[in-house]
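Report on the structure given below.
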Amino acid sequence: MSAFVRRLGFGGTLCLALIVTFALLALFAPWLSPYPDQGMGTPNVIAKLKPPAATFWLGTDHLGRDVLSRVIFGARVSMSAGLLIVAFSLLIGLPVGLLAGYFGGWVDEALMRITDVFLAFPALLLAVLLAAALGPGLLNSIVAVAVTWWPWYARMARAEVLVLRGQPYVEAASVMGVSQARIAIRHILPGAARPLLVQAALDVGPALLTASSLSFLGLGVLPPTADWGKMVDEGRKFFPDRWWVAAAPGVAIFLLALAFSVLGDALRNREGGKRRDTT
Amino acid sequence: MRCATVKGASAVTLLEIQGLSVTIPSALGPVQAVRSIDLCIARGEIHGLIGESGCGKTMTGMALLGLTPAYAQVAARVIEFDGVDISNSAADLRGRRIALISQDPAAALNPVLTIGRQMDDVLRTHSSNSKAHRAATAVALLAATGLADAPQLMKRYPHQLSGGMQQRVVIAQALATGADFLIADEPTTALDVTVGAQVLALLRKLVVDRGLTVLMITHDMDVVAAVCDRATVLYAGLSVETGPASAILTHPRHPYAAALLAALPDAAPRGQRLAAIGGQIPPSTETISGCAFSPRCPAVMALCHTMSPPARGAGNHRWLCHLAQCAP
Amino acid sequence: MTAPLVEVHDLVVRYKSRGLFAAPFKPAVNGVTLSLPAGSTLGLVGESGSGKSSLLRALLRLVPVESGTISLGGEDWLAIDGPALRRARHSIGFVAQNPFLSLSPRLTIAQILAEPLLARGDKPGAEMKDRIALLLSRCGLPANFLPLRASELSGGQAQRVSIARALALSPRLLVLDEPTSALDVSVQAQILNLLLDLKADSGLSMLFVTHNLKVVAHLAEQLMVMRQGSVVEVGATERVMADPAQAYTRELIGFGRRR
């Protein structure tokens, strides 16, 4: 354990702990939240807009629902949005970049021009347009953001592959008569994937921010499902007099985004150190 | 103190080191990059510092330049340059009396500045002459290193020059500092054999013409044979043999020096196995008991493992070994 | 009288210049002819820009050839292409200069040595494991190195692994590109000894490319000196070493001769 802490650094470990905490809260929300039914959306109008107190630790919203329970249930949506956006993007970007970088020539030209088309639009605008076209819903908003996200991974993967393709060990494999597919998957992919995974960890924060932005704009999950971005939007109407409605989900977004960034940084530093050793 | 040299007892010692050690703290305990090195260099000689990777030869050079990392502990019984104790002031001499010629000239030169500008940068810190005067000096120094058409060269960038030319520019820069002691760390390793031979010939010429002294750090016996007057053989951070280069190359006394020479490809007839040295150098974190070479020595005796070897030889050829008659 | 294993005739390698109107580059290899009898070793000596690396890369089919022929075991080596080339590559083993760069950093020694066998289509299993251990021991390393990665080895050990990998498919020709230049003198001797042993045991044919004439002269029956894309001198090692016909060769030999 102590070796692990040393490798990630104090900040990285703290952030990992924070992420794990959020993940556990999300996973066991029905058991961990004080008012699970309110967390899932049941209104409780007699206790409308109550400030934080012993009964409702973080107060209640405009429908009288416990904000703490809503934030805990909202973690489910926000965390899965952040992780799935990055995962989908990697799933598209990594193979595209690998193919483009490895085969070069017209394959590279075609794939990279396609990614350029996606990069030509402002990312959030494109996501908003897509989300509007696809209609509201968690999966749709994830797809909308992922579509604007993968080109970055494709470019990064291509750049990594171009460097690795010229490495003597890749050349040695091709001289041995190893097939192209095997060279790409066994000798190039592992090396190219590592920096991408680190970047992905860094990106989970921004990704969940973007997803929250969409639901803030009313393009995310449908009510009554709890979502941090949606909650900030709803709380906005009562700000600053009833500040707690917007503050709690806002702080949650901030903390989780920050935690992923710092963890990604810690991973990157570790990766950087490793690289120096091998060259 | 005078040190004995091939040129006779009249030669004056420029650098004398006794018991130099460089220790670097690490997670695995202190790393002894240099354990105990004695070095005696006479003015006007090219002194080879011979060793394989991990023997501490580069770290010795860095210690003389005051360029060891801040966390490294450098200690020595004696470390005198031109008769003055420099144990605390090695860095002050750097760029004034002592200059470095590194292995990779391309890395030693700034890629975005012209040769003229880089020469002037050095000259400006060492003189208050006018710009035109400095430019003339730079041209003269570049010409002195055998570079043709030096005025044109002043306007060029490093990448427009070949490796051999770059190394000559680095040498010209070293001369521009006014240094009379050059530490050349594998100066020909990055160059072609024939170009390297020319650079070595240049160094030899500069030593004769300008009275320079050179410490030639190398792993290559051919370099020692080509230019060195005297040499010191390092093993595991220890100086195990020192003497005239020709004596070390033809009649090495320390078993390690002998084994190193026997491992050269031209030491055995074509197609016959070479006398490779078995085993590995002791890890630099390990404390050595007895002789450092004893685990790999072909002539090892029982006491080699327990007792430090005594200094043998006399005059200008000395070595550390238990055997009275060494050279197996 | 055995037929030559490798015959290169009037080979020209020229790299493409960039841009439509850029002047074409001078050929990197300019009309080189050589022949390597089976079971013998040819030392190809040259400095940077001599074309020795381009010749080697042409032989390994890593760069296209402009004109000329290469035959390997009597077959037209340049005519083979596609999947047939992939299979035919098994008859050449290749050892690069820096073992730490030419061994995949993320694979274990066992996995590295399995690669060529899997590429040939061998099935993984106990038999392959035995073969890998045997390969490694032939190159002087015990089987307990198998689970390690290249970064955990010394330079000499890693180069032994690299040689073992090159020998995995029992190639007819071993091509070595500066195999000892990144190593210490004492380790270089170990590697040269290993190559001598392999030569004596299995009659291996070798093309040994290096800038260091003395190293290859120890192994090779024939020497070929290249400069600026052309062959300067070629002949039996003893003859070239004792009586070099060219001043350039003399320069290469004469450097550092003991006084």
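In the structure tokens, each chain is lettered A, B, ... as it comes, each chain's residues begin at 1, and ligands are numbered from 1 in order of appearance.
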Residues of chain A within 7 Å of chain C, counting only C-alpha atoms, what are they? List them as an mmCIF file with all heavy atoms, in the first residue's frame.
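The file below, part.cif, is the result:
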data_model
loop_
_atom_site.group_PDB
_atom_site.id
_atom_site.type_symbol
_atom_site.label_atom_id
_atom_site.label_comp_id
_atom_site.auth_asym_id
_atom_site.auth_seq_id
_atom_site.Cartn_x
_atom_site.Cartn_y
_atom_site.Cartn_z
ATOM 1 N N GLN A 167 10.364 2.226 -34.518
ATOM 2 C CA GLN A 167 11.238 1.637 -33.502
ATOM 3 C C GLN A 167 11.877 0.350 -34.018
ATOM 4 O O GLN A 167 11.226 -0.433 -34.716
ATOM 5 C CB GLN A 167 10.425 1.303 -32.243
ATOM 6 C CG GLN A 167 9.983 2.517 -31.467
ATOM 7 C CD GLN A 167 11.125 3.260 -30.835
ATOM 8 O OE1 GLN A 167 11.985 2.672 -30.211
ATOM 9 N NE2 GLN A 167 11.171 4.565 -31.035
ATOM 10 N N PRO A 168 13.156 0.133 -33.666
ATOM 11 C CA PRO A 168 13.817 -1.087 -34.130
ATOM 12 C C PRO A 168 13.075 -2.373 -33.772
ATOM 13 O O PRO A 168 13.123 -3.337 -34.535
ATOM 14 C CB PRO A 168 15.173 -1.030 -33.439
ATOM 15 C CG PRO A 168 15.431 0.417 -33.233
ATOM 16 C CD PRO A 168 14.088 1.035 -32.974
ATOM 17 N N TYR A 169 12.367 -2.416 -32.637
ATOM 18 C CA TYR A 169 11.722 -3.696 -32.298
ATOM 19 C C TYR A 169 10.538 -3.987 -33.194
ATOM 20 O O TYR A 169 10.193 -5.145 -33.416
ATOM 21 C CB TYR A 169 11.366 -3.788 -30.806
ATOM 22 C CG TYR A 169 10.300 -2.850 -30.296
ATOM 23 C CD1 TYR A 169 8.956 -3.151 -30.411
ATOM 24 C CD2 TYR A 169 10.657 -1.680 -29.645
ATOM 25 C CE1 TYR A 169 7.987 -2.297 -29.912
ATOM 26 C CE2 TYR A 169 9.697 -0.823 -29.139
ATOM 27 C CZ TYR A 169 8.370 -1.144 -29.276
ATOM 28 O OH TYR A 169 7.416 -0.298 -28.765
ATOM 29 N N ALA A 172 12.212 -5.185 -36.320
ATOM 30 C CA ALA A 172 12.692 -6.555 -36.104
ATOM 31 C C ALA A 172 11.548 -7.547 -36.302
ATOM 32 O O ALA A 172 11.720 -8.601 -36.912
ATOM 33 C CB ALA A 172 13.285 -6.689 -34.704
ATOM 34 N N VAL A 175 10.831 -7.970 -39.978
ATOM 35 C CA VAL A 175 11.885 -8.751 -40.633
ATOM 36 C C VAL A 175 11.735 -10.241 -40.314
ATOM 37 O O VAL A 175 12.077 -11.103 -41.111
ATOM 38 C CB VAL A 175 13.278 -8.238 -40.210
ATOM 39 C CG1 VAL A 175 14.374 -9.185 -40.648
ATOM 40 C CG2 VAL A 175 13.520 -6.865 -40.803
ATOM 41 N N MET A 176 11.175 -10.551 -39.145
ATOM 42 C CA MET A 176 10.957 -11.954 -38.765
ATOM 43 C C MET A 176 9.786 -12.564 -39.520
ATOM 44 O O MET A 176 9.534 -13.755 -39.413
ATOM 45 C CB MET A 176 10.640 -12.056 -37.267
ATOM 46 C CG MET A 176 11.839 -12.002 -36.379
ATOM 47 S SD MET A 176 11.367 -12.332 -34.676
ATOM 48 C CE MET A 176 10.462 -10.903 -34.226
ATOM 49 N N GLY A 177 9.031 -11.745 -40.232
ATOM 50 C CA GLY A 177 7.879 -12.271 -40.951
ATOM 51 C C GLY A 177 6.621 -12.316 -40.107
ATOM 52 O O GLY A 177 5.700 -13.066 -40.402
ATOM 53 N N VAL A 178 6.582 -11.506 -39.053
ATOM 54 C CA VAL A 178 5.356 -11.419 -38.263
ATOM 55 C C VAL A 178 4.312 -10.665 -39.091
ATOM 56 O O VAL A 178 4.648 -9.711 -39.795
ATOM 57 C CB VAL A 178 5.633 -10.664 -36.942
ATOM 58 C CG1 VAL A 178 4.370 -10.490 -36.134
ATOM 59 C CG2 VAL A 178 6.684 -11.413 -36.125
ATOM 60 N N SER A 179 3.045 -11.100 -39.040
ATOM 61 C CA SER A 179 2.021 -10.491 -39.885
ATOM 62 C C SER A 179 1.749 -9.063 -39.433
ATOM 63 O O SER A 179 1.966 -8.703 -38.280
ATOM 64 C CB SER A 179 0.741 -11.307 -39.842
ATOM 65 O OG SER A 179 0.155 -11.186 -38.565
ATOM 66 N N HIS A 187 2.748 -5.476 -30.947
ATOM 67 C CA HIS A 187 3.963 -4.702 -30.733
ATOM 68 C C HIS A 187 3.719 -3.196 -30.662
ATOM 69 O O HIS A 187 4.455 -2.486 -29.996
ATOM 70 C CB HIS A 187 4.981 -5.006 -31.827
ATOM 71 C CG HIS A 187 5.441 -6.423 -31.801
ATOM 72 N ND1 HIS A 187 6.490 -6.842 -31.027
ATOM 73 C CD2 HIS A 187 4.975 -7.527 -32.413
ATOM 74 C CE1 HIS A 187 6.657 -8.143 -31.186
ATOM 75 N NE2 HIS A 187 5.752 -8.589 -32.025
ATOM 76 N N THR A 278 13.383 3.479 -19.865
ATOM 77 C CA THR A 278 13.578 2.503 -20.923
ATOM 78 C C THR A 278 14.367 3.046 -22.103
ATOM 79 O O THR A 278 14.858 2.285 -22.894
ATOM 80 C CB THR A 278 12.215 1.993 -21.449
ATOM 81 O OG1 THR A 278 11.413 3.129 -21.754
ATOM 82 C CG2 THR A 278 11.536 1.121 -20.439
#
- Task: Could you give me the residues within stretch 22-231 of chain C that DSSP places in strand (DSSP E), as a PyMOL selection string?
- Result: chain C and resi 29-37+41-45+67-72+75-76+92-95+173-177+205-210+222-227+230-231
Proximity of chain C to chain B: per-residue shortest pair, 10 Å limit, only C-alpha atoms, as CSV:
residue,atom,partner,partner_atom,distance
C:Gly46,CA,B:Asp192,CA,9.1
C:Glu47,CA,B:Asp192,CA,5.7
C:Ser48,CA,B:Asp192,CA,6.7
C:Gly49,CA,B:Asp192,CA,10.0
C:Ser154,CA,B:Gln280,CA,9.4
C:Leu183,CA,B:Ser53,CA,8.9
C:Asp184,CA,B:Glu52,CA,5.9
C:Val185,CA,B:Leu264,CA,6.6
C:Ser186,CA,B:Ala276,CA,5.6
C:Val187,CA,B:Ala276,CA,7.1
C:Gln188,CA,B:Ala263,CA,8.0
C:Ala189,CA,B:Ala276,CA,5.1
C:Gln190,CA,B:Ala276,CA,5.4
C:Ile191,CA,B:Ala276,CA,9.0
C:Leu192,CA,B:Leu274,CA,7.7
C:Asn193,CA,B:Arg273,CA,5.3
C:Leu194,CA,B:Arg273,CA,8.7
C:Leu195,CA,B:Arg273,CA,9.6
C:Leu196,CA,B:Gly271,CA,6.7
C:Asp197,CA,B:Arg273,CA,8.2
C:Lys199,CA,B:Gly271,CA,9.6
C:Ala200,CA,B:Gly271,CA,9.4
C:His211,CA,B:Val193,CA,7.6
C:Asn212,CA,B:Val193,CA,7.8
C:Leu213,CA,B:Val193,CA,9.6
C:Lys214,CA,B:Pro265,CA,6.4
C:Val215,CA,B:Pro265,CA,5.5
C:Val216,CA,B:Pro265,CA,8.3
C:Ala217,CA,B:Arg270,CA,7.0
C:His218,CA,B:Arg270,CA,4.5
C:Leu219,CA,B:Gly271,CA,5.4
C:Ala220,CA,B:Gly271,CA,7.9
C:Glu221,CA,B:Gly271,CA,8.9
C:Thr237,CA,B:Arg270,CA,9.0
C:Glu238,CA,B:Arg270,CA,8.8
C:Tyr248,CA,B:Thr194,CA,8.7
C:Glu251,CA,B:Thr194,CA,6.8
C:Leu252,CA,B:Thr194,CA,6.6
C:Ile253,CA,B:Val193,CA,9.8
C:Gly254,CA,B:Ala226,CA,9.6
C:Phe255,CA,B:Asp222,CA,6.8
C:Gly256,CA,B:Asp222,CA,4.0
C:Arg257,CA,B:Ala225,CA,6.6
C:Arg258,CA,B:Ala225,CA,5.7
C:Arg259,CA,B:Ser246,CA,6.6
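The space between atom CA of A:Arg70 and atom CA of A:Gln38 spans 7.1 Å.
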Which residues, written as a PDB file with all heavy atoms, in the first residue's frame, have at least one atom at most 10 Å from B:Glu16, with only C-alpha atoms counted and residues fewer than 5 positions away on the same chain left out?
ATOM      1  N   MET B   1      54.879  19.200  -5.303  1.00  0.00           N
ATOM      2  CA  MET B   1      54.845  17.764  -5.683  1.00  0.00           C
ATOM      3  C   MET B   1      55.073  17.641  -7.172  1.00  0.00           C
ATOM      4  O   MET B   1      54.461  18.330  -7.981  1.00  0.00           O
ATOM      5  CB  MET B   1      53.474  17.211  -5.270  1.00  0.00           C
ATOM      6  CG  MET B   1      53.066  15.930  -5.974  1.00  0.00           C
ATOM      7  SD  MET B   1      53.505  14.486  -5.039  1.00  0.00           S
ATOM      8  CE  MET B   1      53.324  13.222  -6.241  1.00  0.00           C
ATOM      9  N   ARG B   2      55.928  16.751  -7.521  1.00  0.00           N
ATOM     10  CA  ARG B   2      56.174  16.484  -8.926  1.00  0.00           C
ATOM     11  C   ARG B   2      55.742  15.086  -9.232  1.00  0.00           C
ATOM     12  O   ARG B   2      55.937  14.194  -8.427  1.00  0.00           O
ATOM     13  CB  ARG B   2      57.689  16.604  -9.209  1.00  0.00           C
ATOM     14  CG  ARG B   2      58.121  18.024  -9.364  1.00  0.00           C
ATOM     15  CD  ARG B   2      59.631  18.147  -9.315  1.00  0.00           C
ATOM     16  NE  ARG B   2      59.983  19.579  -9.277  1.00  0.00           N
ATOM     17  CZ  ARG B   2      60.044  20.328 -10.376  1.00  0.00           C
ATOM     18  NH1 ARG B   2      59.808  19.801 -11.555  1.00  0.00           N
ATOM     19  NH2 ARG B   2      60.344  21.599 -10.289  1.00  0.00           N
ATOM     20  N   CYS B   3      55.131  14.910 -10.400  1.00  0.00           N
ATOM     21  CA  CYS B   3      54.847  13.532 -10.708  1.00  0.00           C
ATOM     22  C   CYS B   3      55.719  13.033 -11.821  1.00  0.00           C
ATOM     23  O   CYS B   3      56.137  13.775 -12.681  1.00  0.00           O
ATOM     24  CB  CYS B   3      53.430  13.298 -10.964  1.00  0.00           C
ATOM     25  SG  CYS B   3      52.154  13.694 -11.824  1.00  0.00           S
ATOM     26  N   ASP B  38      43.091   7.778  -7.808  1.00  0.00           N
ATOM     27  CA  ASP B  38      44.289   8.605  -7.784  1.00  0.00           C
ATOM     28  C   ASP B  38      44.618   8.971  -9.221  1.00  0.00           C
ATOM     29  O   ASP B  38      44.521   8.126 -10.115  1.00  0.00           O
ATOM     30  CB  ASP B  38      45.487   7.840  -7.193  1.00  0.00           C
ATOM     31  CG  ASP B  38      45.241   7.438  -5.751  1.00  0.00           C
ATOM     32  OD1 ASP B  38      44.272   7.939  -5.159  1.00  0.00           O
ATOM     33  OD2 ASP B  38      46.025   6.609  -5.229  1.00  0.00           O
ATOM     34  N   LEU B  39      44.992  10.204  -9.410  1.00  0.00           N
ATOM     35  CA  LEU B  39      45.294  10.639 -10.764  1.00  0.00           C
ATOM     36  C   LEU B  39      46.402  11.674 -10.678  1.00  0.00           C
ATOM     37  O   LEU B  39      46.376  12.542  -9.816  1.00  0.00           O
ATOM     38  CB  LEU B  39      44.028  11.285 -11.357  1.00  0.00           C
ATOM     39  CG  LEU B  39      43.806  11.281 -12.852  1.00  0.00           C
ATOM     40  CD1 LEU B  39      43.928   9.889 -13.431  1.00  0.00           C
ATOM     41  CD2 LEU B  39      42.415  11.836 -13.147  1.00  0.00           C
ATOM     42  N   CYS B  40      47.390  11.541 -11.551  1.00  0.00           N
ATOM     43  CA  CYS B  40      48.473  12.510 -11.555  1.00  0.00           C
ATOM     44  C   CYS B  40      48.744  12.870 -13.006  1.00  0.00           C
ATOM     45  O   CYS B  40      49.130  12.025 -13.798  1.00  0.00           O
ATOM     46  CB  CYS B  40      49.705  11.892 -10.900  1.00  0.00           C
ATOM     47  SG  CYS B  40      50.954  13.109 -10.563  1.00  0.00           S
ATOM     48  N   ILE B  41      48.467  14.112 -13.352  1.00  0.00           N
ATOM     49  CA  ILE B  41      48.573  14.519 -14.747  1.00  0.00           C
ATOM     50  C   ILE B  41      49.606  15.629 -14.869  1.00  0.00           C
ATOM     51  O   ILE B  41      49.511  16.647 -14.170  1.00  0.00           O
ATOM     52  CB  ILE B  41      47.213  14.998 -15.278  1.00  0.00           C
ATOM     53  CG1 ILE B  41      46.190  13.847 -15.168  1.00  0.00           C
ATOM     54  CG2 ILE B  41      47.323  15.458 -16.724  1.00  0.00           C
ATOM     55  CD1 ILE B  41      44.802  14.230 -15.552  1.00  0.00           C
ATOM     56  N   ALA B  42      50.579  15.398 -15.753  1.00  0.00           N
ATOM     57  CA  ALA B  42      51.641  16.385 -15.933  1.00  0.00           C
ATOM     58  C   ALA B  42      51.234  17.394 -16.986  1.00  0.00           C
ATOM     59  O   ALA B  42      50.476  17.075 -17.908  1.00  0.00           O
ATOM     60  CB  ALA B  42      52.940  15.700 -16.349  1.00  0.00           C
ATOM     61  N   VAL B  78      43.494  14.573  -1.538  1.00  0.00           N
ATOM     62  CA  VAL B  78      44.210  15.660  -2.204  1.00  0.00           C
ATOM     63  C   VAL B  78      43.518  15.924  -3.526  1.00  0.00           C
ATOM     64  O   VAL B  78      43.183  14.985  -4.247  1.00  0.00           O
ATOM     65  CB  VAL B  78      45.682  15.267  -2.480  1.00  0.00           C
ATOM     66  CG1 VAL B  78      46.393  16.377  -3.251  1.00  0.00           C
ATOM     67  CG2 VAL B  78      46.398  14.944  -1.177  1.00  0.00           C
ATOM     68  N   ILE B  79      43.257  17.176  -3.812  1.00  0.00           N
ATOM     69  CA  ILE B  79      42.805  17.527  -5.155  1.00  0.00           C
ATOM     70  C   ILE B  79      43.361  18.909  -5.470  1.00  0.00           C
ATOM     71  O   ILE B  79      42.877  19.923  -5.006  1.00  0.00           O
ATOM     72  CB  ILE B  79      41.267  17.411  -5.302  1.00  0.00           C
ATOM     73  CG1 ILE B  79      40.800  17.880  -6.675  1.00  0.00           C
ATOM     74  CG2 ILE B  79      40.510  18.095  -4.215  1.00  0.00           C
ATOM     75  CD1 ILE B  79      39.407  17.394  -7.042  1.00  0.00           C
ATOM     76  N   GLU B  80      44.483  18.898  -6.186  1.00  0.00           N
ATOM     77  CA  GLU B  80      45.230  20.129  -6.447  1.00  0.00           C
ATOM     78  C   GLU B  80      45.348  20.377  -7.932  1.00  0.00           C
ATOM     79  O   GLU B  80      45.718  19.486  -8.694  1.00  0.00           O
ATOM     80  CB  GLU B  80      46.648  20.027  -5.863  1.00  0.00           C
ATOM     81  CG  GLU B  80      46.701  20.307  -4.393  1.00  0.00           C
ATOM     82  CD  GLU B  80      48.116  20.222  -3.850  1.00  0.00           C
ATOM     83  OE1 GLU B  80      49.082  20.225  -4.669  1.00  0.00           O
ATOM     84  OE2 GLU B  80      48.267  20.137  -2.640  1.00  0.00           O
ATOM     85  N   PHE B  81      45.036  21.604  -8.347  1.00  0.00           N
ATOM     86  CA  PHE B  81      45.201  21.987  -9.737  1.00  0.00           C
ATOM     87  C   PHE B  81      46.224  23.106  -9.786  1.00  0.00           C
ATOM     88  O   PHE B  81      46.056  24.136  -9.133  1.00  0.00           O
ATOM     89  CB  PHE B  81      43.876  22.463 -10.320  1.00  0.00           C
ATOM     90  CG  PHE B  81      43.939  22.802 -11.787  1.00  0.00           C
ATOM     91  CD1 PHE B  81      43.911  21.802 -12.748  1.00  0.00           C
ATOM     92  CD2 PHE B  81      44.056  24.131 -12.202  1.00  0.00           C
ATOM     93  CE1 PHE B  81      43.984  22.112 -14.092  1.00  0.00           C
ATOM     94  CE2 PHE B  81      44.125  24.432 -13.551  1.00  0.00           C
ATOM     95  CZ  PHE B  81      44.095  23.431 -14.496  1.00  0.00           C
ATOM     96  N   ASP B  82      47.315  22.881 -10.510  1.00  0.00           N
ATOM     97  CA  ASP B  82      48.388  23.870 -10.621  1.00  0.00           C
ATOM     98  C   ASP B  82      48.882  24.284  -9.232  1.00  0.00           C
ATOM     99  O   ASP B  82      49.119  25.470  -8.963  1.00  0.00           O
ATOM    100  CB  ASP B  82      47.890  25.095 -11.395  1.00  0.00           C
ATOM    101  CG  ASP B  82      49.027  25.738 -12.185  1.00  0.00           C
ATOM    102  OD1 ASP B  82      50.154  25.225 -12.124  1.00  0.00           O
ATOM    103  OD2 ASP B  82      48.775  26.742 -12.869  1.00  0.00           O
ATOM    104  N   GLY B  83      48.980  23.299  -8.346  1.00  0.00           N
ATOM    105  CA  GLY B  83      49.531  23.560  -7.026  1.00  0.00           C
ATOM    106  C   GLY B  83      48.563  24.170  -6.031  1.00  0.00           C
ATOM    107  O   GLY B  83      48.930  24.443  -4.898  1.00  0.00           O
ATOM    108  N   VAL B  84      47.320  24.386  -6.437  1.00  0.00           N
ATOM    109  CA  VAL B  84      46.355  25.017  -5.539  1.00  0.00           C
ATOM    110  C   VAL B  84      45.262  24.009  -5.192  1.00  0.00           C
ATOM    111  O   VAL B  84      44.779  23.289  -6.073  1.00  0.00           O
ATOM    112  CB  VAL B  84      45.731  26.264  -6.214  1.00  0.00           C
ATOM    113  CG1 VAL B  84      44.727  26.928  -5.277  1.00  0.00           C
ATOM    114  CG2 VAL B  84      46.812  27.234  -6.632  1.00  0.00           C
ATOM    115  N   ASP B  85      44.886  23.966  -3.939  1.00  0.00           N
ATOM    116  CA  ASP B  85      43.818  23.057  -3.512  1.00  0.00           C
ATOM    117  C   ASP B  85      42.484  23.555  -4.081  1.00  0.00           C
ATOM    118  O   ASP B  85      42.098  24.699  -3.846  1.00  0.00           O
ATOM    119  CB  ASP B  85      43.759  23.019  -1.980  1.00  0.00           C
ATOM    120  CG  ASP B  85      42.581  22.188  -1.500  1.00  0.00           C
ATOM    121  OD1 ASP B  85      42.388  21.079  -2.036  1.00  0.00           O
ATOM    122  OD2 ASP B  85      41.854  22.655  -0.600  1.00  0.00           O
TER     123      ASP B  85
END
Using only C-alpha atoms, what does the table of stretch 23-109 of chain B residues within 10 Å of stretch 157-161 of chain B look like, with each row giving the shortest atom pair and its distance in Å to one decimal, sorted by chain and ascending number, as a tab-separated table?
residue	atom	partner	partner_atom	distance
B:Pro105	CA	B:Pro158	CA	9.1
B:Ala106	CA	B:Pro158	CA	7.1
B:Ala107	CA	B:Pro158	CA	9.7
B:Ala108	CA	B:Pro158	CA	9.8
B:Leu109	CA	B:Pro158	CA	6.7
Kindly export the residues of the current selection with C-alpha atoms, as a PDB file, in the first residue's frame.
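Ended up saving to again15.pdb:
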ATOM      1  CA  PRO B 105      29.048  17.782 -30.333  1.00  0.00           C
ATOM      2  CA  ALA B 106      25.564  18.191 -31.803  1.00  0.00           C
ATOM      3  CA  ALA B 107      24.139  18.325 -28.293  1.00  0.00           C
ATOM      4  CA  ALA B 108      26.895  20.620 -27.017  1.00  0.00           C
ATOM      5  CA  LEU B 109      26.075  23.327 -29.570  1.00  0.00           C
TER       6      LEU B 109
END
- Task: Step one, run DSSP on the backbone; step two, keep only residues of stretch 103-280 of chain B assigned to alpha helix (DSSP H); then write them as a PyMOL selection string.
- Result: chain B and resi 105-108+115-126+131-144+150-153+163-176+193-210+221-227+245-250+255-262
